[in-house]
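To be precise, the following lines are input_0.txt, and they hold compact mmCIF, C-alpha atoms.
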```
# COMPACT_ATOMS: atom_id res chain seq x y z
CA MET D 904 1.70 11.23 -22.87
CA LYS D 905 -0.42 9.20 -25.21
CA GLN D 906 2.52 7.94 -27.17
CA ALA D 907 1.57 4.36 -27.52
CA PRO D 908 -1.67 3.66 -25.74
CA MET D 909 -2.25 0.39 -27.53
CA GLU D 910 1.15 -0.84 -26.54
CA ASP D 911 0.48 0.15 -22.95
CA GLN D 912 -2.76 -1.74 -23.05
CA SER D 913 -1.01 -4.80 -24.48
CA LEU D 914 1.57 -4.68 -21.73
CA VAL D 915 -1.13 -4.29 -19.12
CA ALA D 916 -2.99 -7.28 -20.53
CA ALA D 917 0.19 -9.35 -20.60
CA THR D 918 0.97 -8.36 -17.01
CA LEU D 919 -2.48 -9.40 -15.95
CA ALA D 920 -1.82 -12.73 -17.65
CA GLY D 921 1.26 -13.18 -15.48
CA ASP D 922 3.97 -11.87 -17.79
CA ARG D 923 6.64 -10.39 -15.54
CA ALA D 924 8.64 -9.04 -18.45
CA ALA D 925 5.61 -7.05 -19.59
CA PHE D 926 5.32 -5.39 -16.22
CA GLN D 927 9.04 -4.69 -16.20
CA ALA D 928 8.63 -3.04 -19.60
CA LEU D 929 5.90 -0.79 -18.21
CA VAL D 930 8.14 0.18 -15.31
CA GLU D 931 11.02 0.91 -17.65
CA ARG D 932 8.79 3.03 -19.81
CA TYR D 933 7.54 5.30 -17.07
CA GLN D 934 10.14 5.15 -14.32
CA ALA D 935 12.04 8.25 -15.48
CA ARG D 936 8.89 10.34 -15.57
CA LEU D 937 7.85 9.18 -12.14
CA PHE D 938 11.28 9.87 -10.71
CA GLY D 939 11.05 13.33 -12.25
CA LEU D 940 7.62 13.87 -10.78
CA VAL D 941 8.38 12.66 -7.28
CA ARG D 942 11.57 14.67 -6.93
CA HIS D 943 9.43 17.82 -7.13
CA TYR D 944 7.96 16.78 -3.81
CA LEU D 945 10.76 14.97 -2.04
CA ARG D 946 14.41 15.87 -2.05
CA ASN D 947 15.80 12.76 -0.41
CA PRO D 948 16.79 10.35 -3.23
CA VAL D 949 16.06 7.30 -1.08
CA GLU D 950 12.57 8.56 -0.34
CA VAL D 951 12.04 9.35 -4.01
CA GLU D 952 12.99 5.83 -4.99
CA ASP D 953 10.78 4.34 -2.29
CA ILE D 954 7.79 6.35 -3.48
CA VAL D 955 8.32 5.43 -7.12
CA GLN D 956 8.65 1.79 -6.20
CA GLU D 957 5.54 1.93 -4.02
CA THR D 958 3.67 3.58 -6.86
CA PHE D 959 4.52 0.80 -9.29
CA LEU D 960 3.68 -1.91 -6.76
CA LYS D 961 0.34 -0.29 -6.03
CA ALA D 962 -0.30 -0.06 -9.74
CA PHE D 963 0.50 -3.75 -10.06
CA THR D 964 -1.92 -4.77 -7.35
CA ARG D 965 -4.67 -2.61 -8.81
CA LEU D 966 -3.98 -3.35 -12.43
CA SER D 967 -7.14 -5.35 -12.86
CA SER D 968 -9.12 -2.23 -11.93
CA PHE D 969 -7.39 -0.12 -14.54
CA GLN D 970 -9.93 1.20 -17.03
CA GLN D 971 -8.47 0.60 -20.44
CA SER D 972 -10.37 3.60 -21.76
CA SER D 973 -8.07 5.99 -19.93
CA ALA D 974 -4.38 6.55 -20.52
CA PHE D 975 -2.19 4.27 -18.48
CA TYR D 976 0.16 7.08 -17.54
CA THR D 977 -2.69 9.27 -16.30
CA TRP D 978 -3.81 6.39 -14.12
CA LEU D 979 -0.26 5.75 -12.93
CA TYR D 980 0.25 9.45 -12.33
CA ARG D 981 -2.81 9.57 -10.12
CA ILE D 982 -1.49 6.70 -8.02
CA ALA D 983 1.87 8.46 -7.76
CA VAL D 984 0.34 11.76 -6.67
CA ASN D 985 -1.84 10.05 -4.09
CA THR D 986 1.15 8.08 -2.81
CA ILE D 987 3.20 11.26 -2.51
CA LEU D 988 0.43 13.10 -0.69
CA ASP D 989 -0.13 10.10 1.54
CA GLN D 990 3.56 10.01 2.36
CA LYS D 991 3.64 13.69 3.14
CA LYS D 992 0.54 13.34 5.26
CA ARG D 993 2.17 10.57 7.24
CA LYS D 994 5.28 12.61 7.80
CA SER D 995 3.43 15.78 8.65
CA ARG D 996 2.04 16.42 12.07
CA SER D 997 -0.74 18.59 10.72
CA PRO D 998 -3.40 17.56 8.21
CA ILE D 999 -2.45 18.18 4.63
CA GLN D 1000 -3.81 21.36 3.15
CA PRO D 1001 -5.54 20.10 0.01
CA MET D 1002 -8.41 18.89 2.12
CA ALA D 1003 -9.37 22.49 2.87
CA GLU D 1004 -11.53 23.83 0.05
CA PRO D 1005 -8.74 25.05 -2.21
CA GLU D 1006 -11.06 27.02 -4.44
CA GLU D 1007 -12.05 29.17 -1.51
CA LEU D 1008 -8.55 30.19 -0.54
CA GLY D 1009 -8.97 33.38 -2.50
CA ALA D 1010 -6.75 35.17 -4.94
CA PRO D 1011 -3.69 36.10 -2.95
CA SER D 1012 -2.15 38.55 -5.29
CA SER D 1013 -2.74 42.19 -4.65
CA GLU D 1014 -2.58 44.77 -7.36
CA ALA D 1015 0.87 45.75 -6.15
CA ILE D 1016 2.09 42.24 -6.64
CA GLU D 1017 0.48 42.12 -10.05
CA ARG D 1018 2.47 45.12 -11.07
CA MET D 1019 5.69 43.46 -10.04
CA THR D 1020 7.71 41.65 -12.61
CA VAL D 1021 9.49 38.63 -11.30
CA ARG D 1022 11.69 37.06 -13.87
CA PRO D 1023 14.80 35.02 -13.28
CA GLU D 1024 17.89 37.04 -13.79
CA ALA D 1025 20.07 36.13 -16.69
CA ARG D 1026 23.04 35.61 -14.42
CA LEU D 1027 21.36 32.76 -12.61
CA GLU D 1028 22.42 29.29 -13.50
CA ARG D 1029 19.78 26.81 -14.44
CA GLN D 1030 20.33 24.87 -11.24
CA GLU D 1031 20.04 28.04 -9.16
CA ILE D 1032 16.71 28.83 -10.75
CA ALA D 1033 15.52 25.28 -10.13
CA ASP D 1034 16.56 25.50 -6.48
CA ILE D 1035 14.75 28.80 -5.97
CA THR D 1036 11.64 27.46 -7.65
CA HIS D 1037 11.66 24.33 -5.55
CA GLY D 1038 12.05 26.41 -2.43
CA VAL D 1039 9.02 28.49 -3.38
CA LEU D 1040 6.97 25.47 -4.38
CA ALA D 1041 7.72 23.86 -1.05
CA GLU D 1042 6.01 26.79 0.65
CA LEU D 1043 2.81 26.49 -1.34
CA PRO D 1044 -0.24 24.52 -0.30
CA GLU D 1045 -0.12 21.03 -1.81
CA ILE D 1046 -3.11 21.66 -3.97
CA PHE D 1047 -1.39 24.53 -5.75
CA ARG D 1048 1.96 22.87 -5.94
CA THR D 1049 0.41 19.80 -7.52
CA VAL D 1050 -1.22 21.64 -10.39
CA LEU D 1051 1.90 23.72 -10.99
CA VAL D 1052 4.12 20.66 -11.13
CA MET D 1053 1.69 18.88 -13.42
CA ARG D 1054 1.42 21.80 -15.79
CA GLU D 1055 4.79 23.52 -15.66
CA PHE D 1056 7.12 20.60 -15.22
CA GLU D 1057 5.20 17.60 -16.49
CA GLY D 1058 3.44 19.44 -19.29
CA LEU D 1059 0.13 17.76 -18.66
CA ALA D 1060 -2.83 19.08 -20.57
CA TYR D 1061 -5.72 20.54 -18.63
CA GLN D 1062 -7.81 17.50 -19.38
CA GLU D 1063 -5.10 15.21 -18.09
CA ILE D 1064 -4.77 17.23 -14.90
CA ALA D 1065 -8.53 17.08 -14.53
CA ASP D 1066 -8.43 13.30 -15.00
CA VAL D 1067 -5.65 12.80 -12.48
CA LEU D 1068 -7.18 15.03 -9.83
CA GLU D 1069 -10.72 14.07 -10.75
CA ILE D 1070 -11.84 17.67 -11.03
CA SER D 1071 -13.41 19.66 -13.85
CA ILE D 1072 -11.41 21.55 -16.46
CA GLY D 1073 -12.89 24.78 -15.15
CA THR D 1074 -11.51 23.95 -11.73
CA VAL D 1075 -8.12 23.21 -13.27
CA GLU D 1076 -8.14 26.65 -14.91
CA SER D 1077 -9.05 28.52 -11.78
CA ARG D 1078 -6.71 26.49 -9.60
CA LEU D 1079 -3.81 27.10 -11.94
CA PHE D 1080 -4.59 30.79 -12.00
CA ARG D 1081 -4.54 30.97 -8.22
CA ALA D 1082 -1.50 28.72 -7.98
CA ARG D 1083 0.51 31.00 -10.27
CA ALA D 1084 -0.55 34.03 -8.28
CA ARG D 1085 0.44 32.30 -5.06
CA PHE D 1086 3.74 31.29 -6.55
CA LYS D 1087 4.53 34.85 -7.52
CA GLN D 1088 3.51 36.17 -4.12
CA LYS D 1089 5.68 33.64 -2.32
CA LEU D 1090 8.57 34.27 -4.67
CA LEU D 1091 8.45 37.98 -3.93
CA GLN D 1092 8.22 37.24 -0.25
CA LEU D 1093 11.20 34.88 -0.22
CA HIS D 1094 13.28 36.63 -2.87
CA PRO D 1095 12.40 40.31 -3.02
CA GLU D 1096 15.65 40.91 -4.83
CA PHE D 1097 14.03 39.64 -8.01
CA ALA D 1098 11.15 42.11 -7.91
CA LEU D 1099 11.07 44.78 -10.55
CA GLU D 1100 8.46 47.46 -10.86
CA GLU D 1101 6.67 47.19 -14.14
CA GLY D 1102 8.42 49.21 -16.81
CA SER D 1103 11.63 49.50 -14.84
CA MET H 978 -13.87 41.67 -23.71
CA ASP H 979 -12.97 43.56 -20.53
CA CYS H 980 -9.63 43.50 -18.74
CA ASP H 981 -10.72 41.21 -15.90
CA ARG H 982 -11.93 38.61 -18.36
CA SER H 983 -8.79 39.07 -20.38
CA LYS H 984 -6.51 38.47 -17.39
CA ALA H 985 -8.44 35.42 -16.43
CA LEU H 986 -7.94 33.95 -19.89
CA VAL H 987 -4.34 34.96 -20.56
CA SER H 988 -2.68 32.04 -18.76
CA VAL H 989 -5.09 29.58 -20.36
CA TYR H 990 -4.24 31.14 -23.70
CA LEU H 991 -0.51 30.88 -23.04
CA ASP H 992 -0.96 27.26 -22.05
CA GLY H 993 -2.55 26.65 -25.44
CA GLU H 994 -5.75 25.51 -23.83
CA LEU H 995 -8.05 28.32 -24.93
CA SER H 996 -10.55 27.59 -27.64
CA GLU H 997 -10.31 29.67 -30.78
CA GLU H 998 -13.74 31.00 -30.03
CA LEU H 999 -12.31 32.76 -26.96
CA ALA H 1000 -8.76 33.22 -28.20
CA ALA H 1001 -9.76 35.47 -31.09
CA PRO H 1002 -11.46 38.15 -28.96
CA LEU H 1003 -8.62 37.93 -26.45
CA ARG H 1004 -6.05 38.63 -29.13
CA ARG H 1005 -8.06 41.61 -30.27
CA HIS H 1006 -8.25 42.92 -26.71
CA LEU H 1007 -4.50 42.51 -26.22
CA LEU H 1008 -3.84 44.55 -29.32
CA ASP H 1009 -5.86 47.40 -27.85
CA CYS H 1010 -4.92 47.15 -24.14
CA ALA H 1011 -1.37 47.87 -23.01
CA ALA H 1012 -2.09 46.86 -19.41
CA CYS H 1013 -3.27 43.44 -20.47
CA ARG H 1014 -0.30 43.03 -22.75
CA ALA H 1015 1.94 43.77 -19.78
CA PHE H 1016 0.02 41.23 -17.79
CA ARG H 1017 0.56 38.70 -20.54
CA ASP H 1018 4.28 39.48 -20.69
CA GLU H 1019 4.54 39.05 -16.95
CA ALA H 1020 2.78 35.71 -17.15
CA GLN H 1021 5.19 34.62 -19.83
CA ALA H 1022 8.13 35.75 -17.72
CA MET H 1023 6.92 33.67 -14.81
CA SER H 1024 7.27 30.54 -16.86
CA GLY H 1025 11.03 31.20 -16.83
CA TRP H 1026 11.10 29.97 -13.25
CA PHE H 1027 9.85 26.56 -14.17
CA VAL H 1028 12.91 25.10 -15.71
CA PRO H 1029 13.44 21.40 -15.57
CA GLY H 1030 16.18 20.38 -13.20
CA PRO H 1031 18.87 17.90 -14.07
CA GLU H 1032 17.57 14.62 -15.36
CA VAL H 1033 17.09 12.15 -12.56
CA GLY H 1034 17.30 8.69 -13.97
CA ALA H 1035 16.16 5.58 -12.23
CA PRO H 1036 18.88 3.54 -10.55
CA ALA H 1037 20.30 0.66 -12.55
CA GLY H 1038 18.14 -2.42 -12.40
CA PHE H 1039 15.25 -0.56 -10.81
CA ALA H 1040 12.59 -1.90 -13.17
CA ALA H 1041 13.80 -5.47 -12.79
CA ARG H 1042 13.76 -5.16 -9.02
CA VAL H 1043 10.25 -3.74 -8.96
CA ALA H 1044 8.97 -6.41 -11.32
CA ARG H 1045 10.61 -9.13 -9.24
CA ARG H 1046 9.07 -7.73 -6.08
CA ALA H 1047 5.68 -7.54 -7.75
CA PHE H 1048 5.84 -11.12 -8.89
CA VAL H 1049 7.81 -12.67 -6.07
CA GLY H 1050 6.17 -15.90 -5.00
CA GLU H 1051 4.08 -15.91 -8.13
CA GLY H 1052 3.79 -18.78 -10.49
CA THR H 1053 4.22 -18.10 -14.15
CA ALA H 1054 0.56 -18.24 -14.94
CA SER H 1055 -0.87 -15.92 -12.38
CA GLY H 1056 -1.11 -12.17 -12.44
CA PRO H 1057 -1.69 -9.52 -9.87
CA ARG H 1058 -4.25 -10.68 -7.42
CA PHE H 1059 -3.60 -9.22 -4.03
CA ALA H 1060 -4.60 -5.72 -3.09
CA LEU H 1061 -2.59 -3.60 -0.74
CA PRO H 1062 -4.36 -3.02 2.51
CA SER H 1063 -6.08 0.31 2.54
CA VAL H 1064 -4.66 1.06 5.93
CA VAL H 1065 -1.14 0.13 6.88
CA PRO H 1066 0.03 1.08 10.33
CA ASP H 1067 2.32 4.04 10.38
CA ASP H 1068 5.02 2.19 12.21
CA LEU H 1069 5.21 -0.32 9.38
CA ARG H 1070 5.18 2.37 6.74
CA ASP H 1071 7.98 4.17 8.52
CA LEU H 1072 10.10 1.10 8.06
CA ASP H 1073 9.49 1.42 4.35
CA ASP H 1074 8.33 -2.13 4.21
CA VAL H 1075 5.46 -2.60 1.89
CA PHE H 1076 3.41 -5.65 1.29
CA VAL H 1077 4.74 -7.71 -1.51
CA PRO H 1078 1.53 -7.94 -3.48
CA ALA H 1079 1.69 -11.45 -4.76
CA ALA H 1080 3.69 -13.13 -2.08
CA GLY H 1081 1.41 -12.86 0.88
CA PRO H 1082 4.09 -12.39 3.49
CA ARG H 1083 5.80 -9.10 3.89
CA VAL H 1084 9.33 -8.88 2.71
CA LEU H 1085 11.45 -6.31 4.43
CA ALA H 1086 13.41 -5.33 1.40
CA ARG H 1087 14.15 -1.69 0.92
CA ALA H 1088 14.95 -0.25 -2.42
CA GLY H 1089 18.36 -1.50 -3.34
CA GLY H 1090 18.08 -4.46 -1.03
CA ALA H 1091 15.78 -6.56 -3.11
CA GLU H 1092 18.41 -9.19 -3.81
CA ARG H 1093 18.98 -9.67 -0.13
CA GLY H 1094 15.25 -9.76 0.38
CA ALA H 1095 14.91 -12.48 -2.21
CA ARG H 1096 17.58 -14.57 -0.50
CA GLU H 1097 15.95 -14.03 2.86
CA GLY H 1098 12.67 -14.99 1.29
CA GLY H 1099 14.19 -18.33 0.17
CA SER H 1100 15.52 -19.15 3.63
CA LEU H 1101 12.26 -18.07 5.12
CA SER H 1102 10.38 -20.36 2.80
CA PHE H 1103 12.58 -23.33 3.76
CA ALA H 1104 12.17 -22.61 7.46
CA ARG H 1105 8.44 -22.29 6.96
CA THR H 1106 8.27 -25.66 5.24
CA LEU H 1107 10.21 -27.32 8.07
CA THR H 1108 7.95 -25.74 10.64
CA ALA H 1109 4.87 -26.90 8.77
CA MET H 1110 6.20 -30.47 8.59
CA ALA H 1111 7.02 -30.48 12.31
CA ALA H 1112 3.58 -29.12 13.11
CA ALA H 1113 1.95 -31.81 10.99
CA GLY H 1114 3.98 -34.51 12.78
CA LEU H 1115 3.03 -33.16 16.18
CA PHE H 1116 -0.59 -33.03 15.14
CA GLY H 1117 -0.51 -36.67 14.04
CA LEU H 1118 1.20 -37.74 17.25
CA THR H 1119 -1.39 -35.87 19.25
CA LEU H 1120 -4.15 -37.66 17.40
CA LEU H 1121 -2.55 -41.04 18.08
CA LEU H 1122 -2.16 -40.30 21.77
CA ALA H 1123 -5.68 -39.02 22.01
CA ASN H 1124 -6.92 -42.20 20.31
CA GLY H 1125 -4.97 -44.34 22.79
CA ASP H 1126 -6.38 -42.49 25.73
CA ARG H 1127 -9.84 -42.81 24.32
CA GLN H 1128 -9.68 -46.59 24.90
CA HIS H 1129 -9.59 -45.90 28.58
CA PHE H 1130 -12.01 -43.07 28.78
CA ASP H 1131 -14.54 -43.62 26.05
CA GLY H 1132 -17.69 -44.95 27.66
CA SER H 1133 -18.37 -47.49 24.93
CA GLU H 1134 -14.94 -49.02 25.19
CA LEU H 1135 -14.25 -48.62 28.87
CA HIS H 1136 -14.73 -51.93 30.59
CA ALA H 1137 -12.69 -51.40 33.68
CA ASP H 1138 -15.63 -50.39 35.82
CA GLY H 1139 -17.72 -53.35 34.67
CA ARG H 1140 -14.98 -55.87 35.22
CA LEU H 1141 -14.24 -54.49 38.63
CA GLU H 1142 -17.86 -54.75 39.58
CA ASP H 1143 -18.02 -58.30 38.32
CA THR H 1144 -14.84 -59.13 40.07
CA LEU H 1145 -16.09 -57.67 43.28
CA ARG H 1146 -19.31 -59.59 42.89
CA SER H 1147 -17.35 -62.72 42.10
CA LEU H 1148 -15.22 -62.14 45.10
CA GLU H 1149 -18.31 -61.66 47.16
CA VAL H 1150 -19.86 -64.86 45.79
CA LEU H 1151 -16.61 -66.66 46.36
CA ASN H 1152 -16.47 -65.39 49.86
CA GLU H 1153 -20.03 -66.46 50.46
CA LYS H 1154 -19.24 -69.87 48.97
CA GLU H 1155 -16.12 -70.23 51.02
CA LEU H 1156 -17.99 -69.17 54.09
CA ALA H 1157 -20.72 -71.63 53.29
CA GLU H 1158 -18.22 -74.43 52.69
CA ALA H 1159 -16.41 -73.55 55.85
CA ALA H 1160 -19.64 -73.62 57.74
CA ALA H 1161 -20.59 -76.92 56.16
CA LYS H 1162 -17.19 -78.42 57.03
CA ALA H 1163 -17.46 -77.23 60.53
CA ALA H 1164 -20.88 -78.74 60.76
CA SER H 1165 -19.74 -82.06 59.31
CA GLU H 1166 -16.88 -82.26 61.77
CA ALA H 1167 -19.24 -81.66 64.63
CA GLU H 1168 -21.76 -84.48 63.68
CA PRO H 1169 -19.56 -87.66 64.55
CA THR H 1170 -19.13 -86.50 68.15
CA ALA H 1171 -22.80 -86.37 68.54
CA GLY H 1172 -23.10 -89.85 66.94
CA GLU H 1173 -20.46 -91.22 69.15
CA ALA H 1174 -22.42 -89.94 72.11
CA LEU H 1175 -25.49 -91.58 70.82
CA VAL H 1176 -23.70 -94.87 70.08
CA THR H 1177 -21.77 -95.04 73.27
CA PRO H 1178 -24.55 -96.44 75.41
CA ALA H 1179 -24.98 -99.34 73.06
CA PRO H 1180 -22.24 -101.56 74.56
CA ASP H 1181 -23.88 -101.01 77.86
CA ALA H 1182 -26.99 -102.38 76.32
CA ASN H 1183 -25.04 -105.50 75.15
CA ARG H 1184 -23.94 -105.98 78.53
```

Please lay out the structure from this file as structure tokens.
Amino acid sequence: MKQAPMEDQSLVAATLAGDRAAFQALVERYQARLFGLVRHYLRNPVEVEDIVQETFLKAFTRLSSFQQSSAFYTWLYRIAVNTILDQKKRKSRSPIQPMAEPEELGAPSSEAIERMTVRPEARLERQEIADITHGVLAELPEIFRTVLVMREFEGLAYQEIADVLEISIGTVESRLFRARARFKQKLLQLHPEFALEEGS
Amino acid sequence: MDCDRSKALVSVYLDGELSEELAAPLRRHLLDCAACRAFRDEAQAMSGWFVPGPEVGAPAGFAARVARRAFVGEGTASGPRFALPSVVPDDLRDLDDVFVPAAGPRVLARAGGAERGAREGGSLSFARTLTAMAAAGLFGLTLLLANGDRQHFDGSELHADGRLEDTLRSLEVLNEKELAEAAAKAASEAEPTAGEALVTPAPDANR
């Protein structure tokens, strides 16, 4: 994530000076990661491309407000996540769930669920596993899905998640804990065939 | 360390985010507690669900298109200056048209249609220039006409009323003069008759 922060900063400075090629280089550098991120939220390829493009254009317009002390990708990631959530909010009839005190949603997993082992069967193809996971993630509140995607798919460190979501590391820990429990609960609900009693 | 604390820390530990200060007692607890080891194993198994899907690359030319859209209408020396509006009506957003940051006008170019958008932008620019020139011409013509009219209606330059008044007065004077002359002529024509009457008896006196 912090592969070449100085180079990012140089490209940002050059873009601010009017260098189109510098901005194109920034887009080329991070486009794959953003496409990977957005497709966790949207399945339609056209929508994914629109969101990634909108993210970069927003980043361009706000580039002068970018704090050089933070990682460019973290900043870009935050814009992307907000753009995704904004898009989902626009498309949804009901208000998006993250606005409702996520830390007070409570631990969903009962002891019974805790005792269950839910591991992907060896026979499943990689794509099948990915499809199941996406189906489960789609059922989770946005706030939980976001931290799971950031951690499990994007590999963001806790501090980076905290920076993107502008929350404390302690909140990241507890939110991830609850998100994983929710994921397991929903997985068992949607795919009980994968449930195994502990020790079986 | 008790089991509740252990379970709370296991996922953080597996994520590699636990400080050594807490990781050491956790490891010791896991060695002694089978239930917590099972919990840890289950947490590890869960990570098997989060497998990356197939790589989704950006479409060819995506970066160039985005950069062109960002800089469209920009000169070479200027950078990003325009901020997106904080609120864009939903109906516009649904059309997937976003404000082109540096260009001012909106360009209705969806992803993949940026080339067309650029061409439309060129035609639009030409049409805009023509319209501006026509508007400037009309404005100038309007000013000229207004200036011409002002000669008739501006109080300082409007002499029609004054001339008319003078003319009427002149006509009145002329009329009075003509009337006076006519009266004088009539009077002068009437005087010889009276003289003749006065002179007429004179021959009688010669007689």

* Asked: So which residues are close to (-3.2, 17.6, -17.9), meaning at most 12 Å away in the file's coordinates with all atoms listed in the file counted, and can you show them as a VMD selection string?
  -> (chain D and resid 904 to 905 974 976 to 978 980 to 981 1049 to 1072 1075 to 1076 1079) or (chain H and resid 992 to 994)

* To do: Using all atoms listed in the file, find which residues of chain D lie within 8 Å of chain H and jot them down as an NGL selection string.
  => :D and (918-924 or 926-928 or 930-931 or 934-935 or 938-939 or 949 or 952-953 or 956-957 or 959-961 or 963-967 or 993 or 1017 or 1020-1023 or 1029-1030 or 1032-1033 or 1036 or 1055-1056 or 1060-1061 or 1076 or 1080 or 1087)

* **Top pick for closest residue to Leu945 (chain D), considering D:Leu1090, D:Ala916, D:Ala1082, D:Ile987 and counting all atoms listed in the file** =>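 When distances to Leu945 (chain D) are compared using all atoms listed in the file, the smallest one comes from D:Ile987.
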
* For CA of Ala962 (chain D) and CA of Phe1047 (chain D), quote the distance in Å rounded to one decimal. => 24.9 Å

* Which distance in Å separates CA of Gln1088 (chain D) and CA of Arg942 (chain D), to one decimal? ->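 CA of Gln1088 (chain D) sits 23.1 Å away from CA of Arg942 (chain D).
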
* How many Å separate CA of Thr1108 (chain H) from CA of Leu1120 (chain H)? -> 18.3 Å

Place N, CA and C atoms on region 964-975 of chain D and deliver the coordinates as a short mmCIF file (atom, residue, chain, number, x, y, z; two decimals), in the frame of the given file.
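Full text of result-v3.cif as output:
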```cif
data_model
loop_
_atom_site.label_atom_id
_atom_site.label_comp_id
_atom_site.auth_asym_id
_atom_site.auth_seq_id
_atom_site.Cartn_x
_atom_site.Cartn_y
_atom_site.Cartn_z
N THR D 964 -0.84 -4.11 -8.09
CA THR D 964 -1.92 -4.77 -7.35
C THR D 964 -3.30 -4.33 -7.82
N ARG D 965 -3.36 -3.13 -8.39
CA ARG D 965 -4.67 -2.61 -8.81
C ARG D 965 -4.85 -2.68 -10.32
N LEU D 966 -3.98 -3.37 -10.97
CA LEU D 966 -3.98 -3.35 -12.43
C LEU D 966 -5.30 -3.86 -13.02
N SER D 967 -5.89 -4.80 -12.32
CA SER D 967 -7.14 -5.35 -12.86
C SER D 967 -8.27 -4.32 -12.82
N SER D 968 -8.09 -3.28 -12.00
CA SER D 968 -9.12 -2.23 -11.93
C SER D 968 -8.85 -1.09 -12.90
N PHE D 969 -7.72 -1.18 -13.59
CA PHE D 969 -7.39 -0.12 -14.54
C PHE D 969 -8.39 -0.11 -15.70
N GLN D 970 -8.96 1.07 -15.93
CA GLN D 970 -9.93 1.20 -17.03
C GLN D 970 -9.16 1.45 -18.32
N GLN D 971 -9.26 0.51 -19.21
CA GLN D 971 -8.47 0.60 -20.44
C GLN D 971 -8.83 1.82 -21.29
N SER D 972 -9.97 2.44 -20.97
CA SER D 972 -10.37 3.60 -21.76
C SER D 972 -9.51 4.82 -21.46
N SER D 973 -8.90 4.84 -20.29
CA SER D 973 -8.07 5.99 -19.93
C SER D 973 -6.60 5.67 -20.20
N ALA D 974 -5.79 6.74 -20.27
CA ALA D 974 -4.38 6.55 -20.52
C ALA D 974 -3.72 5.92 -19.31
N PHE D 975 -2.84 4.97 -19.58
CA PHE D 975 -2.19 4.27 -18.48
C PHE D 975 -1.38 5.25 -17.63
#
```
